[in-house]
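Text of the file protein-v5.csv, holding CSV, C-alpha atoms:
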chain,number,residue,atom,x,y,z
A,1392,MET,CA,-17.5,-17.0,-5.1
A,1393,PHE,CA,-14.4,-14.8,-5.0
A,1394,TYR,CA,-13.8,-11.9,-7.4
A,1395,SER,CA,-10.3,-10.3,-7.5
A,1396,GLN,CA,-10.3,-6.5,-7.7
A,1397,MET,CA,-7.7,-3.8,-8.0
A,1398,PHE,CA,-7.6,-0.9,-5.5
A,1399,TYR,CA,-5.6,2.3,-5.9
A,1400,GLU,CA,-4.7,5.2,-3.5
A,1401,PHE,CA,-1.6,7.1,-2.4
A,1402,GLY,CA,0.3,5.7,-5.4
A,1403,ILE,CA,-0.3,2.1,-4.3
A,1404,PHE,CA,-2.1,-0.6,-6.4
A,1405,SER,CA,-3.3,-3.6,-4.4
A,1406,THR,CA,-5.2,-6.8,-5.0
A,1407,CYS,CA,-5.6,-10.2,-3.4
A,1408,PHE,CA,-6.4,-13.8,-4.5
A,1409,HIS,CA,-6.5,-17.3,-3.0
A,1410,GLY,CA,-3.2,-19.1,-3.0
A,1411,LYS,CA,-0.4,-20.7,-0.9
A,1412,ALA,CA,2.7,-18.7,-1.8
A,1413,VAL,CA,4.1,-15.4,-3.0
A,1414,PRO,CA,4.8,-15.1,-6.8
A,1415,ASP,CA,7.9,-16.8,-8.0
A,1416,TRP,CA,9.1,-13.7,-9.9
A,1417,LEU,CA,9.7,-11.9,-6.5
A,1418,HIS,CA,13.2,-13.1,-5.7
A,1419,HIS,CA,13.6,-11.5,-2.2
A,1420,LYS,CA,11.6,-13.6,0.2
A,1421,SER,CA,11.3,-14.1,3.9
A,1422,LYS,CA,9.4,-16.4,6.2
A,1423,GLY,CA,7.2,-14.4,8.6
A,1424,SER,CA,6.0,-10.8,8.4
A,1425,SER,CA,9.2,-8.7,7.8
A,1426,ILE,CA,12.0,-8.5,5.2
A,1427,SER,CA,14.9,-6.0,4.8
A,1428,ILE,CA,17.2,-5.6,1.7
A,1429,ALA,CA,19.5,-3.2,0.1
A,1430,MET,CA,17.8,-2.2,-3.1
A,1431,PRO,CA,19.8,-3.9,-5.9
A,1432,SER,CA,21.1,-1.8,-8.8
A,1433,SER,CA,20.1,-2.5,-12.4
A,1434,SER,CA,21.8,-1.4,-15.6
A,1435,MET,CA,23.2,2.2,-15.7
A,1436,ASN,CA,20.2,3.5,-17.7
A,1437,LYS,CA,17.6,2.3,-15.2
A,1438,SER,CA,16.5,3.7,-11.8
A,1439,ILE,CA,14.0,2.4,-9.3
A,1440,GLN,CA,10.5,3.8,-9.7
A,1441,GLY,CA,8.8,1.6,-7.2
A,1442,ILE,CA,8.6,-1.8,-5.4
A,1443,ASN,CA,6.3,-4.8,-5.5
A,1444,ILE,CA,5.3,-6.3,-2.2
A,1445,SER,CA,3.5,-9.6,-1.6
A,1446,PHE,CA,2.6,-11.7,1.4
A,1447,VAL,CA,0.5,-14.7,2.4
A,1448,HIS,CA,-2.2,-14.6,5.1
A,1449,THR,CA,-2.9,-17.9,6.7
A,1450,PHE,CA,-6.1,-18.5,8.7
A,1451,PRO,CA,-7.3,-20.7,11.7
A,1452,GLY,CA,-10.7,-21.2,10.1
A,1453,ILE,CA,-13.4,-20.1,7.7
A,1454,GLY,CA,-14.8,-16.6,8.0
A,1455,LYS,CA,-11.7,-14.7,9.2
A,1456,GLN,CA,-10.9,-11.4,7.7
A,1457,SER,CA,-7.7,-10.5,5.8
A,1458,ARG,CA,-6.7,-6.8,5.7
A,1459,LEU,CA,-4.0,-4.8,4.0
A,1460,LYS,CA,-1.7,-3.1,6.5
A,1461,ILE,CA,1.9,-2.5,5.5
A,1462,LYS,CA,4.9,-0.5,6.9
A,1463,VAL,CA,7.7,0.5,4.5
A,1464,GLN,CA,10.9,2.1,5.8
A,1465,ASN,CA,13.7,3.6,3.8
A,1466,VAL,CA,16.3,3.3,6.5
A,1467,THR,CA,18.9,5.1,4.5
A,1468,ILE,CA,16.9,8.4,4.4
A,1469,ASN,CA,15.0,7.8,7.6
A,1470,ARG,CA,11.5,7.8,6.0
A,1471,THR,CA,8.5,5.6,6.9
A,1472,TRP,CA,5.1,5.0,5.3
A,1473,ILE,CA,2.4,3.1,7.2
A,1474,TYR,CA,-0.4,2.1,4.9
A,1475,TYR,CA,-3.9,0.9,6.0
A,1476,GLY,CA,-5.7,0.1,2.7
A,1477,HIS,CA,-9.5,0.2,2.3
A,1478,ILE,CA,-9.5,-3.3,0.9
A,1479,PHE,CA,-10.1,-6.6,2.7
A,1480,SER,CA,-11.3,-10.2,2.1
A,1481,PHE,CA,-12.9,-13.0,4.0
A,1482,ARG,CA,-11.6,-16.6,3.9
A,1483,GLU,CA,-14.4,-18.7,2.3
A,1484,THR,CA,-12.4,-21.8,1.3
A,1485,ASP,CA,-9.5,-23.8,2.8
A,1486,GLU,CA,-7.0,-21.7,0.9
A,1487,ASP,CA,-4.8,-18.9,2.2
A,1488,MET,CA,-4.9,-15.4,0.9
A,1489,VAL,CA,-2.1,-13.9,-1.2
A,1490,TRP,CA,-1.8,-10.1,-1.3
A,1491,LEU,CA,0.1,-8.3,-4.1
A,1492,SER,CA,0.8,-4.5,-3.9
A,1493,HIS,CA,2.7,-2.2,-6.2
A,1494,TRP,CA,4.1,1.0,-4.6
A,1495,MET,CA,5.1,3.9,-6.9
A,1496,PHE,CA,7.9,5.8,-5.0
A,1497,GLY,CA,9.0,8.5,-7.4
A,1498,ASN,CA,12.5,9.6,-6.0
A,1499,GLU,CA,11.9,8.3,-2.5
A,1500,ILE,CA,13.9,5.1,-3.0
A,1501,LYS,CA,17.2,4.8,-4.9
A,1502,ASN,CA,19.6,2.1,-5.8
A,1503,GLY,CA,21.5,0.9,-2.7
A,1504,ASP,CA,19.0,2.2,-0.2
A,1505,GLU,CA,18.2,-0.1,2.7
A,1506,VAL,CA,14.5,-0.8,2.7
A,1507,CYS,CA,12.5,-2.7,5.4
A,1508,VAL,CA,8.9,-4.0,4.8
A,1509,THR,CA,6.7,-5.2,7.6
A,1510,ILE,CA,3.3,-6.6,7.3
A,1511,LEU,CA,1.4,-5.3,10.4
A,1512,GLU,CA,-0.7,-7.7,12.5
A,1513,ASN,CA,-4.5,-7.6,12.4
A,1514,LYS,CA,-5.0,-7.7,16.1
A,1515,LEU,CA,-8.8,-7.3,15.8
A,1516,TYR,CA,-9.0,-10.5,13.7
A,1517,GLY,CA,-7.3,-13.0,15.9
A,1518,GLY,CA,-5.4,-16.0,14.4
A,1519,VAL,CA,-4.6,-14.4,11.0
A,1520,MET,CA,-0.9,-14.8,10.5
A,1521,VAL,CA,1.7,-13.9,7.8
A,1522,ARG,CA,3.3,-17.1,6.5
A,1523,GLU,CA,5.8,-15.3,4.2
A,1524,CYS,CA,6.5,-12.0,2.5
A,1525,ALA,CA,8.5,-10.9,-0.5
A,1526,ILE,CA,9.6,-7.7,-2.3
A,1527,GLY,CA,11.1,-6.7,-5.5
A,1528,PRO,CA,12.3,-3.4,-7.2
A,1529,VAL,CA,10.6,-2.1,-10.3
A,1530,TYR,CA,12.9,-0.2,-12.6
A,1531,THR,CA,12.3,2.4,-15.3
A,1532,ASN,CA,14.5,3.6,-18.1
A,1533,LYS,CA,15.9,7.1,-17.5
A,1534,ASP,CA,16.0,7.9,-21.2
A,1535,ASN,CA,12.8,6.1,-22.2
A,1536,ASN,CA,10.7,8.3,-24.5
A,1537,GLU,CA,7.7,6.0,-24.5
A,1538,GLU,CA,4.4,7.0,-23.0
A,1539,ASP,CA,4.2,6.1,-19.3
A,1540,PRO,CA,1.1,3.9,-18.7
A,1541,LEU,CA,1.0,5.1,-15.1
A,1542,SER,CA,1.2,8.9,-15.9
A,1543,TYR,CA,-2.5,9.5,-14.9
A,1544,TYR,CA,-2.0,7.9,-11.5
A,1545,LYS,CA,1.3,9.7,-10.9
A,1546,SER,CA,-0.6,13.0,-11.5
A,1547,TRP,CA,-2.7,12.5,-8.4
A,1548,LYS,CA,-1.8,15.0,-5.6
A,1549,HIS,CA,-1.6,12.8,-2.5
A,1550,ILE,CA,0.8,10.1,-3.5
A,1551,ILE,CA,4.2,8.9,-2.3
A,1552,GLY,CA,6.7,11.3,-3.8
A,1553,GLY,CA,4.0,14.0,-4.0
A,1554,ASP,CA,2.2,16.1,-1.3
A,1555,LEU,CA,1.6,13.9,1.8
A,1556,SER,CA,1.7,16.8,4.3
A,1557,ASP,CA,-1.9,16.1,5.4
A,1558,PHE,CA,-0.8,12.5,6.3
A,1559,GLN,CA,2.5,13.3,8.1
A,1560,VAL,CA,2.4,12.2,11.8
A,1561,ALA,CA,6.1,12.9,12.7
A,1562,SER,CA,9.3,14.0,11.0
A,1563,GLY,CA,9.8,11.6,8.1
A,1564,GLU,CA,6.8,9.4,9.0
A,1565,TYR,CA,3.4,9.2,7.1
A,1566,PHE,CA,0.2,7.4,8.0
A,1567,LEU,CA,-1.6,6.6,4.8
A,1568,ASN,CA,-5.2,6.1,5.7
A,1569,ASN,CA,-8.1,8.1,4.2
A,1570,PHE,CA,-10.5,6.9,6.9
A,1571,ARG,CA,-9.1,9.2,9.5
A,1572,PHE,CA,-10.5,12.2,7.5
A,1573,ILE,CA,-14.0,10.6,7.4
A,1574,SER,CA,-14.1,9.6,11.1
A,1575,HIS,CA,-13.1,13.1,12.1
A,1576,TYR,CA,-16.0,14.7,10.4
A,1577,HIS,CA,-18.5,12.3,11.9
A,1578,MET,CA,-17.9,14.3,15.1
A,1579,GLU,CA,-19.3,17.5,13.6
A,1580,LYS,CA,-22.5,18.9,15.2
A,1581,THR,CA,-24.8,19.1,12.2
A,1582,GLU,CA,-25.4,17.1,9.1
A,1583,GLY,CA,-24.8,20.2,7.0
A,1584,GLU,CA,-21.4,20.7,8.4
A,1585,ILE,CA,-20.5,17.0,7.8
A,1586,ILE,CA,-21.6,17.2,4.1
A,1587,SER,CA,-19.8,20.6,3.6
A,1588,ARG,CA,-16.5,19.5,5.2
A,1589,LEU,CA,-16.4,16.1,3.5
A,1590,GLY,CA,-17.0,17.7,0.2
A,1591,ALA,CA,-14.1,20.0,0.7
A,1592,VAL,CA,-11.8,17.1,1.8
A,1593,TRP,CA,-12.7,14.8,-1.2
A,1594,GLN,CA,-12.2,17.7,-3.6
A,1595,ASP,CA,-8.8,18.4,-2.1
A,1596,LEU,CA,-7.9,14.7,-2.4
A,1597,ASN,CA,-8.7,14.7,-6.1
A,1598,PHE,CA,-11.2,11.9,-5.7
Once you've parsed the file, please lay out its structure as structure tokens.
Amino acid sequence: MFYSQMFYEFGIFSTCFHGKAVPDWLHHKSKGSSISIAMPSSSMNKSIQGINISFVHTFPGIGKQSRLKIKVQNVTINRTWIYYGHIFSFRETDEDMVWLSHWMFGNEIKNGDEVCVTILENKLYGGVMVRECAIGPVYTNKDNNEEDPLSYYKSWKHIIGGDLSDFQVASGEYFLNNFRFISHYHMEKTEGEIISRLGAVWQDLNF
């Protein structure tokens, strides 16, 4: 039995479910693993607050693993985010797997910016392919005085548009993967050092 769950980190909400196609309400679609568009403008009182990303994993057989690995590039400002999410699923039926991910971007993407999204290959899990992908902008009213339902999540420190200095691997490029912090501390000499350092890391990450 398959249970859908929502996962959140870095300002990114993600979930997956069985299906054959990306949602119809995402109008910018492409066959294969990559899509690039100029972010369309909305009405004058709205700005882009994020993007929705979806893709379909197809499998050669039962038991294959589907993982979330996405690269988003804002070509206009030369900024790249590579995200390896701590969420995965196994194929248990003859259906493909649909992934849906909402990325909050703050001021990192604006109307007219050229944005390229690539679903990265899962080389360790041979045969899992991307059938199609899709993206769509999410707008917010600049003068909207209503309470923001995402305000709590936007208050987290290490999110896109926030402080990602610990995850910067090159100028304008960020590798969003918390596991690299954990794997580093497994190399420490004593159990006490591991516990102490991990505690400091998680406290800093606001988890």
A:Gln1440, A:Asp1415, A:Phe1566, A:Gly1497 ranked by distance to Gly1476 (chain A), top pick (using all atoms listed in the file):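 Smallest distance to Gly1476 (chain A) is found for A:Phe1566.
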Leaving out Ile1426 (chain A) and any residue of its chain fewer than 4 positions from it, which residues lie within 6 Å of it when counting only C-alpha atoms, given as a PyMOL selection string? chain A and resi 1421+1507-1508
Determine, using all atoms listed in the file, which residues of region 1400-1452 of chain A have any atom at most 9 Å from an atom of region 1546-1555 of chain A, and tabulate each with its shortest atom pair and distance in Å to one decimal place, rows ordered by chain and then rising number, as a Markdown table.
| residue | atom | partner | partner_atom | distance |
| --- | --- | --- | --- | --- |
| A:Glu1400 | CA | A:Ile1550 | CA | 7.4 |
| A:Phe1401 | CA | A:Ile1550 | CA | 4.0 |
| A:Gly1402 | CA | A:Ile1550 | CA | 4.8 |
| A:Ile1403 | CA | A:Ile1550 | CA | 8.1 |
Separation of CA of Asp1485 (chain A) and CA of Ala1412 (chain A), in Å?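 Value for the CA of Asp1485 (chain A)-CA of Ala1412 (chain A) distance: 14.0 Å.
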Computed interatomic separation between CA of Lys1460 (chain A) and CA of Glu1486 (chain A) (Å): 20.1 Å
What is the distance between CA of Ser1424 (chain A) and CA of Tyr1475 (chain A), in Å to one decimal?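 These atoms are spaced 15.5 Å apart.
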